[in-house]
Each structure stands twice: as C-alpha cells, then as structure tokens.
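Each remark here refers to the structure printed beneath this line.
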Amino acid sequence: MKILHSADWHLGRYLHGASLLEDQRLILEQFVDLARSEQVDVVVIAGDIYDRAIPPSEAVALLDSVLTRLVVDAGIPTIVIAGNHDSAERIGFGGRIFAQRGLTLRGTLNNLSPVVLSDAHGEVAFHPLPYVEPLFARHLPGGEDVTDHQSAMTHLMSLLKAQRVPGQRNVLVGHAFVTGGSESDSERPLSVGGSGRVGGDSFDGFDFVALGHLHRPQSIGSDRIQYSGSLLKYSFNEVDQAKSVSLVELGADAVPVTQRVALKPRRDLRIITGTLDELLGQPDAVLSRDDYLSAQLTDTSPVLEPMLRLREVYPNILDMQLARQAEGQVGALSGGDHRQRKPEDLFRAFHLDMLGEEISPQALDVFNQSVQSLAGESQGHPS
Ligand SMILES: [Mn+2]
C-alpha cells in the first residue's frame, strides 16, 4: 500500500501580512503531480487543512480544485481530517456523500468508522481521527472519565482499536501533539495552561500513524509514528527545516518504509544578516531577491528608513530586526507611562534602543543643555 502523507496545509494563511495562497497553489500542483506519477494508492491529509475555522473563499476554491484533481481526475482515494485550526463541522460537510466517490472528509467525532482499502497483500484499514477536543471526547460513549488530552486520546484509541479486524493492517490518521516531538512557532498550542501532549504509546496496536499538528517533518521513536510536517515554512523559526511530504510504503509485513520528498516552494523563507549597506550591496548571484525574508541588521550606528530601502532590493521582505534588539537590550528603560518621565530619562532609553549602549555623561549634558535652551526659547515666545 503506497500512501502519500501530508498535513498542515493552512490554506489561506498570511505571513507578516503577505497572502501565501499563490505559494500554496503552486506547491499543491506539485503535490498532485507527485500523487499521480508515484501512482499512490491513497492520499492522507492529517489536519489543519485551512488556517482558520472560517477560511477565505479563495482557500476553499483551492482545496476544491486540489481534491477534484486527486479524487475525480486521478481516481485516488483521499482521506482528510480536521485539525485544531479547522472547523470540524465545515471540514466534515458532505462527508457521507463524498465518501461514495472515494473522498473521506472527517471533522467531528460522530463517525469513527474505518476506510478499508486493498492491495496485493490484503486489506488496510485507515482510521481517520480528527483533532480531539477533550470536551467532545467526554461526550462519547464511555467518555465520562476524560479530563485532558491524554485521557481523551486513550479513550478514542480504545474505541478505534475495538474496530480492528484480524488480518488487516491498521493505519491511524490523527492530529495531535505526541510527547517527544519538536515544536515550531507556527503551531497553535492545543491547550492553554495544561498539557496538550499525548504519549506515543497511545498508538500501540496501529502499524502506521500518520500525524498532523507539528510543522517539522519528524518521526517519533520510529517511522511507525510520524509527522509529514507542514506544506510550507510558516514562521521564521522554521527557516532551517527542510519541508517535505511523505511517501510511505506499507508492505505485507506492515512495517512502514518512508521516503520524504521535498517539493519546491515558489519562494523560500530565509533570514539574511548583515549591515544595511552589506545587504543592499549583495550581488545578484548570491541570493534569490524574491524570497520571503527577515533581515537582521547588525548596524551599530543609526540607519535611516531601513525597511523602505531594503524593500527596493528585496521586494518580498517581510520583517526586519536590529540585531541588538533581538538580543533583548531594548525596553529596559522605556517601559511605563512616558508622560511621567523626564526628557533626560526618555532620551537615555532612546539612546539605548538605537545604539545598544548607555549614553555617556558628557553627551547627556549636551542633551540637557539643549532641552533647557529650547524650554527657555518657548517661554520667550508665548503662543
Ligand atoms: Mn498546524
């Protein structure tokens, strides 16, 4: 059984104000091409289909187009579950109708029945499990003891395992934070305060667990439990992550063999570092100017309108930071109500923000003399 596993598409996402829809459209064309050329038996998309519960209409149109090409044009069975960013009801809309065409859409926990596919080695049962909100798991039969994510998952697993049929291989499709996984900045925490994590041993009894939620492609323990990772880099803390989709072969022995395939994004997401002059003077050959960039400026003297000037060279720059700001030297003196503070204190804070160092007593004297002479002038010219 050849499975193409992806997750965390976050269709309709914006990054620092820039719409990523065109980037998503282009990479999903490659995704559909890969599904066709590899002649996969099934496509699995493990949640966070959209970036928000009510996605922009263009994102809905994009998903419609991608699923049509996979299911209708290429005839590939496709399984989609809701993630924590999605609206369960909206993802599951029409699920019973579409199931007849080979498209499985599961949003709520109302239908936990497996999707059974066959290959030369027999049957494989796919168990689609949308993101589990503990409150909803509590309302399932026997769920009275559910209090948190772990007990919710334990309960759901007992329900799903009871559906297994001897002789079938079993694949779980889920959206969860498994202990031991490494996080990125673009994931929304599953639980505020408490732990949203579940132990990998929750999934004992499944031959392969195809997960969404964590945006870094990774396996937990072994390739039996794995995250495909997100479709694209969705935060600047993911610049070093090689994003990919997973081709998983589940043979007669039911041991998954994984190949991670990197798709080519329209634009990379990168951090560039240097002084303003260095970054403006880079020769074309060194860089892709069109990438989505965050500039880390190392200048120690003040720079004028750096973002404006950088944008002339890097049209898709999204973010800029002064390196010393990143080091957290800013703000120590600048908090509080500025109206309660003396000009001298405000200027000290400004100096520290701009230059990363305390103003010298001599310079402060000059500043104070200027303030006094200005105050004297304004007194001499009543309005
Ligand atoms: Mn996600």
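A note on labels: chains of the structure tokens are A, B, ... as shown, every chain counts residues from 1, and ligands are counted from 1 in their shown order.
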Range 127-139 of chain A environment, 8 Å, only C-alpha atoms, sequence neighbours closer than 6 positions dropped, as a count of residues only
35
Which residues sit within 8 Å of ligand 1, counting only C-alpha atoms and all ligand atoms, listed as a ChimeraX atom specification?
/A:7-10,47-48,51,83-85,186-188,212-215,230
Residues of range 101-318 of chain A in helix (DSSP H, G or I) according to DSSP, as a ChimeraX atom specification?
/A:101,134-138,149-161,200-203,236-238,276-280,284-286,306-313
Between A:Gln226, A:Gln30, A:Gln168, A:Thr68, which residue has the minimum interatomic distance to Ala252 in chain A, considering only C-alpha atoms?
A:Gln168
Work out how far CA of Ser235 in chain A is from CA of Asp290 in chain A, in Å to one decimal.
16.9 Å
